[in-house]
Amino acid sequence: MVILYTYNNGVYINLKDVDITSKDLIKKNIYINLTNNCPCSCLFCLRKTKEMAKSNSLWLDTEPSAQQVIEEFEKYDLAKFNEIIFCGFGEPLTRLDEVLEVAKHLKNRSSNNPIRINTNGLADLVNKKETAIFFKDLINTVSISLNASNAKEYLRLTRSEFGIESYDAMLKFTISCKVYVPNVVMTVVDCIGQEEIDACKAVCDSICVPLRVRPFE
């Protein structure tokens, strides 16, 4: 089971298999893999397009507890790494309590490693409450997948189980994060085309959040 991993030269690597003395891995990020679950079924998701599912090394047969994640972190000198990111095969905020527990432990252990959450932004719908307030003084960056410039296209691409209300809920979550988190960014994949990218940038500009265009891998 891969709980902690890093990324090097386009490859995800189980942290257990890494030579942490290697100069190539100094100040790399650590990613936390908490769940396979996600309320979306995006058309461009690696889970759907590359037959990765259970054959993928990040697929979890069982979800790790917060304590298991913490125990894994105890094996490493965090000073050797840079950012710590909640981002696995599923949506990390489907396990909000575990994210918060692990993040609190990490902050108490080392305030030098910034903590980021990569999310689809539907945490409020998943958890049936406003969630951004819990990130105050705990999370340094929240990166939200915008995916589309309007609700109809968003639903077509993401096939969110929450339906058409998902888009507005995602934007509301983003705006709430700005109150409690120092760095908030939205992302789209480059395969959606320049016209749609420009439209997404206009959405981000309207709520004063930067847009990052990430490569489709």
# chains A, B, ... in the order shown; residues from 1 in each chain; ligands from 1

$ residues_around --residues "stretch 172-181 of chain A" --least-positions-apart "3" --cutoff "6 Å" --atoms "only C-alpha atoms" --output "PyMOL selection string"
chain A and resi 132+136+140+169

$ write_last_selection --atoms "N, CA and C atoms" --output "JSON list (two decimals), in the first residue's frame"
[["chain", "number", "residue", "atom", "x", "y", "z"],
["A", 132, "ALA", "N", -13.81, 25.15, 4.69],
["A", 132, "ALA", "CA", -12.60, 25.98, 4.57],
["A", 132, "ALA", "C", -12.14, 26.53, 5.92],
["A", 136, "LYS", "N", -7.71, 27.08, 8.57],
["A", 136, "LYS", "CA", -7.05, 28.26, 9.13],
["A", 136, "LYS", "C", -5.85, 27.87, 9.98],
["A", 140, "ASN", "N", -1.38, 25.76, 3.94],
["A", 140, "ASN", "CA", -0.74, 26.91, 3.29],
["A", 140, "ASN", "C", -1.30, 27.20, 1.90],
["A", 169, "ALA", "N", -21.02, 25.38, -6.07],
["A", 169, "ALA", "CA", -20.49, 24.97, -4.77],
["A", 169, "ALA", "C", -18.97, 25.02, -4.78]]

$ residues_around --residues "A:Pro92" --least-positions-apart "5" --cutoff "8 Å" --atoms "only C-alpha atoms" --output "number ranges by chain"
A: 33-35, 86-87, 99, 117-119

$ closest_atom_pairs --of "stretch 167-195 of chain A" --to "stretch 199-206 of chain A" --cutoff "12 Å" --atoms "only C-alpha atoms" --output "JSON lines"
{"residue": "A:Tyr167", "atom": "CA", "partner": "A:Val203", "partner_atom": "CA", "distance": 11.6}
{"residue": "A:Asp168", "atom": "CA", "partner": "A:Val203", "partner_atom": "CA", "distance": 11.6}
{"residue": "A:Leu171", "atom": "CA", "partner": "A:Cys204", "partner_atom": "CA", "distance": 9.3}
{"residue": "A:Thr174", "atom": "CA", "partner": "A:Cys204", "partner_atom": "CA", "distance": 9.8}
{"residue": "A:Ile175", "atom": "CA", "partner": "A:Cys204", "partner_atom": "CA", "distance": 10.3}
{"residue": "A:Val184", "atom": "CA", "partner": "A:Cys204", "partner_atom": "CA", "distance": 10.7}
{"residue": "A:Val185", "atom": "CA", "partner": "A:Cys204", "partner_atom": "CA", "distance": 8.8}
{"residue": "A:Met186", "atom": "CA", "partner": "A:Cys204", "partner_atom": "CA", "distance": 7.3}
{"residue": "A:Thr187", "atom": "CA", "partner": "A:Cys200", "partner_atom": "CA", "distance": 9.0}
{"residue": "A:Val188", "atom": "CA", "partner": "A:Cys200", "partner_atom": "CA", "distance": 7.9}
{"residue": "A:Val189", "atom": "CA", "partner": "A:Cys200", "partner_atom": "CA", "distance": 10.8}
{"residue": "A:Asp190", "atom": "CA", "partner": "A:Cys200", "partner_atom": "CA", "distance": 11.4}
{"residue": "A:Ile192", "atom": "CA", "partner": "A:Cys200", "partner_atom": "CA", "distance": 10.2}
{"residue": "A:Gly193", "atom": "CA", "partner": "A:Ala199", "partner_atom": "CA", "distance": 10.2}
{"residue": "A:Gln194", "atom": "CA", "partner": "A:Ala199", "partner_atom": "CA", "distance": 8.6}
{"residue": "A:Glu195", "atom": "CA", "partner": "A:Ala199", "partner_atom": "CA", "distance": 6.4}

$ write_last_selection --atoms "N, CA and C atoms" --output "JSON list (two decimals), in the first residue's frame"
[["chain", "number", "residue", "atom", "x", "y", "z"],
["A", 167, "TYR", "N", -20.86, 23.10, -9.62],
["A", 167, "TYR", "CA", -20.00, 24.21, -10.08],
["A", 167, "TYR", "C", -20.06, 25.40, -9.14],
["A", 168, "ASP", "N", -21.26, 25.82, -8.80],
["A", 168, "ASP", "CA", -21.39, 26.96, -7.89],
["A", 168, "ASP", "C", -20.85, 26.63, -6.50],
["A", 171, "LEU", "N", -17.08, 27.01, -6.65],
["A", 171, "LEU", "CA", -16.68, 28.42, -6.62],
["A", 171, "LEU", "C", -16.86, 29.01, -5.23],
["A", 174, "THR", "N", -14.04, 27.89, -3.09],
["A", 174, "THR", "CA", -12.83, 28.62, -3.45],
["A", 174, "THR", "C", -12.79, 29.98, -2.78],
["A", 175, "ILE", "N", -13.89, 30.69, -2.84],
["A", 175, "ILE", "CA", -13.98, 32.02, -2.23],
["A", 175, "ILE", "C", -13.81, 31.92, -0.71],
["A", 184, "VAL", "N", -4.44, 30.42, -2.59],
["A", 184, "VAL", "CA", -5.51, 29.68, -3.24],
["A", 184, "VAL", "C", -5.34, 29.82, -4.74],
["A", 185, "VAL", "N", -5.35, 28.70, -5.44],
["A", 185, "VAL", "CA", -5.16, 28.71, -6.89],
["A", 185, "VAL", "C", -6.16, 27.76, -7.52],
["A", 186, "MET", "N", -6.58, 28.06, -8.75],
["A", 186, "MET", "CA", -7.43, 27.15, -9.51],
["A", 186, "MET", "C", -6.64, 26.63, -10.70],
["A", 187, "THR", "N", -6.98, 25.43, -11.15],
["A", 187, "THR", "CA", -6.24, 24.82, -12.25],
["A", 187, "THR", "C", -7.19, 24.27, -13.31],
["A", 188, "VAL", "N", -6.67, 24.20, -14.53],
["A", 188, "VAL", "CA", -7.33, 23.48, -15.62],
["A", 188, "VAL", "C", -6.26, 22.68, -16.35],
["A", 189, "VAL", "N", -6.68, 21.67, -17.09],
["A", 189, "VAL", "CA", -5.73, 20.92, -17.92],
["A", 189, "VAL", "C", -5.66, 21.55, -19.30],
["A", 190, "ASP", "N", -4.49, 21.46, -19.91],
["A", 190, "ASP", "CA", -4.27, 22.16, -21.17],
["A", 190, "ASP", "C", -5.05, 21.58, -22.34],
["A", 192, "ILE", "N", -8.16, 21.24, -22.75],
["A", 192, "ILE", "CA", -9.51, 21.77, -22.96],
["A", 192, "ILE", "C", -9.55, 22.84, -24.06],
["A", 193, "GLY", "N", -8.40, 23.28, -24.55],
["A", 193, "GLY", "CA", -8.36, 24.24, -25.64],
["A", 193, "GLY", "C", -8.22, 25.67, -25.16],
["A", 194, "GLN", "N", -7.60, 26.50, -25.99],
["A", 194, "GLN", "CA", -7.27, 27.87, -25.58],
["A", 194, "GLN", "C", -8.51, 28.71, -25.31],
["A", 195, "GLU", "N", -9.54, 28.55, -26.11],
["A", 195, "GLU", "CA", -10.76, 29.35, -25.91],
["A", 195, "GLU", "C", -11.36, 29.10, -24.53]]

$ select_by_dssp --residues "stretch 24-195 of chain A" --states "strand (DSSP E)" --output "list in words"
Ile30, Tyr31, Ile32, Ile84, Ile85, Phe86, Ile115, Arg116, Ile117, Asn118, Thr119, Thr141, Val142, Ser143, Ile144, Ser145, Asn183, Val184, Val185, Met186, Thr187, Val188 and Val189 of chain A

$ atom_distance --atom1 "atom CA of A:Ile32" --atom2 "atom CA of A:Glu165"
28.6 Å

$ closest_residue --among "A:Asn37, A:Phe44, A:Asp124, A:Pro210" --to "A:Leu157" --atoms "only C-alpha atoms"
A:Phe44

$ atom_distance --atom1 "atom CA of A:His105" --atom2 "atom CA of A:Cys40"
29.0 Å

$ residues_around --residues "stretch 151-155 of chain A" --least-positions-apart "3" --cutoff "8 Å" --atoms "only C-alpha atoms" --output "list in words"
Asn147, Ala148, Thr158, Arg159, Ser160, Gly163, Ile164, Glu165, Ser166, Tyr167 and Asp168 of chain A

$ write_last_selection --atoms "N, CA and C atoms" --output "compact mmCIF listing (two decimals), in the first residue's frame"
# COMPACT_ATOMS: atom_id res chain seq x y z
N ASN A 147 -11.67 23.14 -14.01
CA ASN A 147 -12.11 22.23 -15.08
C ASN A 147 -12.90 22.86 -16.22
N ALA A 148 -13.77 23.84 -15.93
CA ALA A 148 -14.61 24.40 -16.98
C ALA A 148 -15.05 25.81 -16.60
N THR A 158 -16.91 16.54 -15.58
CA THR A 158 -16.62 15.89 -14.30
C THR A 158 -17.59 14.79 -13.95
N ARG A 159 -18.82 14.86 -14.49
CA ARG A 159 -19.87 13.90 -14.15
C ARG A 159 -20.02 13.77 -12.63
N SER A 160 -20.01 14.92 -11.97
CA SER A 160 -20.12 14.96 -10.51
C SER A 160 -21.42 14.32 -10.04
N GLY A 163 -24.41 16.70 -9.30
CA GLY A 163 -25.19 17.34 -10.33
C GLY A 163 -24.80 18.78 -10.62
N ILE A 164 -25.75 19.52 -11.18
CA ILE A 164 -25.47 20.85 -11.70
C ILE A 164 -25.07 21.85 -10.62
N GLU A 165 -25.45 21.60 -9.38
CA GLU A 165 -25.08 22.52 -8.30
C GLU A 165 -23.59 22.48 -7.96
N SER A 166 -22.89 21.49 -8.49
CA SER A 166 -21.48 21.30 -8.14
C SER A 166 -20.62 22.51 -8.47
N TYR A 167 -20.86 23.10 -9.62
CA TYR A 167 -20.00 24.21 -10.08
C TYR A 167 -20.06 25.40 -9.14
N ASP A 168 -21.26 25.82 -8.80
CA ASP A 168 -21.39 26.96 -7.89
C ASP A 168 -20.85 26.63 -6.50

$ atom_distance --atom1 "atom CA of A:Leu96" --atom2 "atom CA of A:Ile115"
14.5 Å

$ select_by_dssp --residues "stretch 3-211 of chain A" --states "alpha helix (DSSP H)" --output "PyMOL selection string"
chain A and resi 46-49+66-73+96-109+123-127+151-158+166-180+194-206

$ closest_residue --among "A:Ile85, A:Leu43, A:Met1, A:Ile70" --to "A:Ile30" --atoms "only C-alpha atoms"
A:Ile85
